[in-house]
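query10.txt (compact mmCIF, C-alpha atoms) appears below.
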```txt
# COMPACT_ATOMS: atom_id res chain seq x y z
CA MET A 369 307.15 140.94 31.68
CA HIS A 370 310.72 139.68 31.70
CA HIS A 371 311.17 135.91 31.87
CA ARG A 372 307.43 135.45 31.93
CA THR A 373 306.57 134.32 28.45
CA ALA A 374 305.37 130.91 29.60
CA LEU A 375 304.12 129.49 32.85
CA ARG A 376 306.33 126.75 34.23
CA GLY A 377 304.22 126.20 37.26
CA PHE A 378 301.57 124.58 35.13
CA ILE A 379 303.73 121.45 35.19
CA VAL A 380 303.24 121.48 38.96
CA LEU A 381 299.53 121.18 38.28
CA LEU A 382 299.98 117.70 36.90
CA ALA A 383 300.85 116.34 40.31
CA ALA A 384 297.54 117.46 41.78
CA ILE A 385 295.11 117.09 38.88
CA GLY A 386 292.16 114.86 39.53
CA ILE A 387 288.56 114.30 38.72
CA LEU A 388 286.58 113.36 41.78
CA SER A 389 283.12 111.92 41.25
CA GLY A 390 280.41 112.58 43.76
CA CYS A 391 282.03 115.64 45.36
CA GLY A 392 280.49 119.06 45.64
CA GLY A 393 281.78 121.81 43.39
CA GLY A 394 283.57 124.97 44.27
CA GLY A 395 285.49 127.76 42.66
CA GLU A 396 282.99 128.21 39.88
CA THR A 397 283.00 131.62 38.31
CA PRO A 398 280.35 133.88 36.83
CA GLN A 399 281.74 132.98 33.38
CA ALA A 400 280.18 129.54 33.75
CA GLN A 401 276.52 130.48 34.09
CA ALA A 402 274.45 127.33 34.06
CA PRO A 403 271.78 125.79 36.24
CA PRO A 404 273.17 123.66 39.06
CA PRO A 405 273.75 120.08 37.98
CA SER A 406 271.22 117.52 39.12
CA GLY A 407 272.63 114.21 40.26
CA PRO A 408 276.28 113.29 40.73
CA VAL A 409 278.92 115.84 39.76
CA SER A 410 282.53 115.58 38.66
CA VAL A 411 284.95 118.08 40.14
CA PHE A 412 288.15 118.87 38.26
CA ALA A 413 290.79 120.00 40.76
CA TRP A 414 294.31 121.36 40.36
CA ALA A 415 297.11 123.07 42.26
CA ALA A 416 297.86 126.63 41.25
CA PRO A 417 301.28 127.08 39.61
CA ALA A 418 304.11 128.39 41.80
CA THR A 419 306.75 129.40 39.22
CA PHE A 420 307.19 130.55 35.64
CA ASN A 421 309.26 128.55 33.11
CA ASP A 422 312.44 130.27 34.26
CA ASN A 423 311.77 129.32 37.93
CA THR A 424 310.83 132.90 38.82
CA PRO A 425 308.26 132.75 41.63
CA LEU A 426 304.68 133.21 40.50
CA ASN A 427 301.80 134.56 42.57
CA PRO A 428 298.66 132.86 41.14
CA SER A 429 296.39 135.57 42.54
CA ALA A 430 298.36 138.35 40.84
CA ASP A 431 300.04 136.76 37.81
CA ILE A 432 297.34 134.45 36.38
CA ASP A 433 294.23 136.00 34.89
CA TYR A 434 292.24 132.85 34.13
CA TYR A 435 292.41 129.19 33.14
CA GLU A 436 291.09 127.76 29.89
CA LEU A 437 289.49 124.33 30.25
CA TYR A 438 289.29 122.12 27.16
CA LEU A 439 287.26 118.97 26.36
CA ARG A 440 287.83 116.49 23.53
CA ALA A 441 286.86 112.94 22.63
CA ASP A 442 290.58 112.14 22.25
CA PRO A 443 293.68 113.33 24.15
CA ASN A 444 295.21 115.24 21.20
CA PHE A 445 294.73 118.89 22.15
CA THR A 446 296.00 121.48 19.65
CA GLU A 447 296.33 125.24 19.30
CA ASN A 448 293.22 125.13 17.08
CA ASP A 449 291.00 123.84 19.91
CA GLN A 450 288.65 126.31 21.54
CA PRO A 451 288.24 126.32 25.32
CA ALA A 452 284.98 124.90 26.65
CA VAL A 453 285.03 127.43 29.49
CA GLU A 454 287.24 130.11 31.03
CA ILE A 455 287.69 129.99 34.80
CA ALA A 456 288.83 133.05 36.74
CA ALA A 457 292.12 132.46 38.57
CA VAL A 458 290.83 134.11 41.73
CA ALA A 459 287.39 134.37 43.26
CA ASP A 460 285.81 136.51 45.94
CA ASN A 461 284.59 134.40 48.87
CA LEU A 462 283.14 135.30 52.22
CA SER A 463 285.50 134.96 55.17
CA PRO A 464 284.69 132.18 57.65
CA ASP A 465 282.99 134.70 59.93
CA GLY A 466 280.93 136.01 56.98
CA GLN A 467 281.99 139.59 57.68
CA SER A 468 284.40 140.28 54.81
CA VAL A 469 285.32 139.24 51.29
CA VAL A 470 288.53 137.29 50.77
CA ARG A 471 290.16 136.82 47.37
CA SER A 472 291.48 133.29 46.98
CA PRO A 473 292.91 131.20 44.13
CA VAL A 474 290.43 129.01 42.26
CA THR A 475 291.60 125.39 42.21
CA GLN A 476 288.54 123.38 41.22
CA PHE A 477 285.61 123.43 38.83
CA THR A 478 282.45 121.34 38.48
CA LEU A 479 282.61 119.91 34.95
CA GLU A 480 278.83 119.62 34.58
CA LEU A 481 278.64 123.44 34.64
CA ILE A 482 280.27 123.62 31.20
CA PRO A 483 277.59 125.07 28.89
CA SER A 484 278.19 122.69 25.97
CA ILE A 485 279.66 119.27 26.73
CA PRO A 486 280.50 117.05 23.73
CA GLY A 487 278.67 113.73 23.49
CA GLY A 488 280.21 110.45 24.56
CA ASN A 489 280.93 108.73 27.85
CA LEU A 490 284.71 109.18 27.73
CA LEU A 491 286.10 112.68 27.29
CA TYR A 492 289.54 114.14 27.90
CA VAL A 493 290.09 117.31 29.89
CA SER A 494 293.05 119.66 29.64
CA MET A 495 293.84 123.17 30.85
CA ARG A 496 296.02 126.14 30.08
CA ALA A 497 296.86 129.02 32.37
CA VAL A 498 296.59 132.52 30.88
CA GLY A 499 298.72 135.18 32.52
CA ILE A 500 297.73 138.78 33.07
CA ASP A 501 300.08 139.52 30.14
CA ARG A 502 297.91 137.14 27.97
CA GLN A 503 300.74 134.62 27.59
CA LYS A 504 299.41 131.04 27.68
CA SER A 505 301.02 128.00 29.20
CA ALA A 506 301.32 124.74 27.32
CA PHE A 507 298.42 122.29 27.59
CA MET A 508 298.61 120.18 30.72
CA ALA A 509 298.60 116.42 30.22
CA PRO A 510 295.06 115.27 29.38
CA VAL A 511 292.98 113.59 32.07
CA ALA A 512 290.27 111.06 31.16
CA TRP A 513 286.72 111.89 32.30
CA ASP A 514 284.43 108.84 32.27
CA ARG A 515 280.88 110.16 32.33
CA SER A 516 279.22 106.74 32.41
```
Entire entry expressed as structure tokens:
Amino acid sequence: MHHRTALRGFIVLLAAIGILSGCGGGGETPQAQAPPPSGPVSVFAWAAPATFNDNTPLNPSADIDYYELYLRADPNFTENDQPAVEIAAVADNLSPDGQSVVRSPVTQFTLELIPSIPGGNLLYVSMRAVGIDRQKSAFMAPVAWDRS
């Protein structure tokens, strides 16, 4: 794809990233098969990117394949890190009337659904967007997750 080697819109994500304790989850995908968490949950939320690095408009539902979510005990994410989970960029949901399926961008994930969470009370979370052309964005700025 021309001008689409990196996703600029991921910078836009930084403005809307948050971890909200005590909120219900949503946007989970079949790739994160785990029993439902018991007790309080932490929801990681983001805004889908709107443009590529060259300011070309981006359609998250068509141009992003999935997100990679990373966890570390420190905020120093590197290319050698492996994602803790992959989250589909779009999900099939029932329409409000329950009569049809609507494809919508995924913009949140319940962190407790990650199959293998490193030990420790303070972890850092980061993401990368992966385009349908398999190009990856840069890591977003790490967000602290206090599990205590």
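Shortest atom-to-atom contact with Pro486 of chain A among A:Trp513, A:Tyr434, A:Phe412, A:Asn423: A:Trp513, counting all atoms listed in the file.
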query = Of the residues A:Val470, A:Val453, A:Ala441, A:Ile482, which is the one nearest to Met495 of chain A, using all atoms listed in the file?
reply = A:Val453
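The protein and nucleic acid residues lying at most 7 Å from Ala512 of chain A are Leu490, Leu491, Tyr492 and Val493 of chain A, with all atoms listed in the file considered and sequence neighbours fewer than 4 positions away removed.
Atom pair atom CA of Thr424 of chain A / atom CA of Gln476 of chain A has a distance of 24.4 Å (rounded to one decimal).
The smallest atom-to-atom distance between Asp442 of chain A and any of A:Leu462, A:Val511, A:Ile485, A:Val474, using all atoms listed in the file, is found for A:Val511.
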request  = With a distance cut-off of 10 Å and all atoms listed in the file, select the neighbouring residues of Arg515 of chain A, excluding the residue or stretch itself and same-chain residues fewer than 5 positions from it, and output the selection as a ChimeraX atom specification.
outcome  = /A:389,409-410,480,487-491
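Interatomic distance, atom CA of Ser472 of chain A against atom CA of Ala457 of chain A: 8.5 Å.
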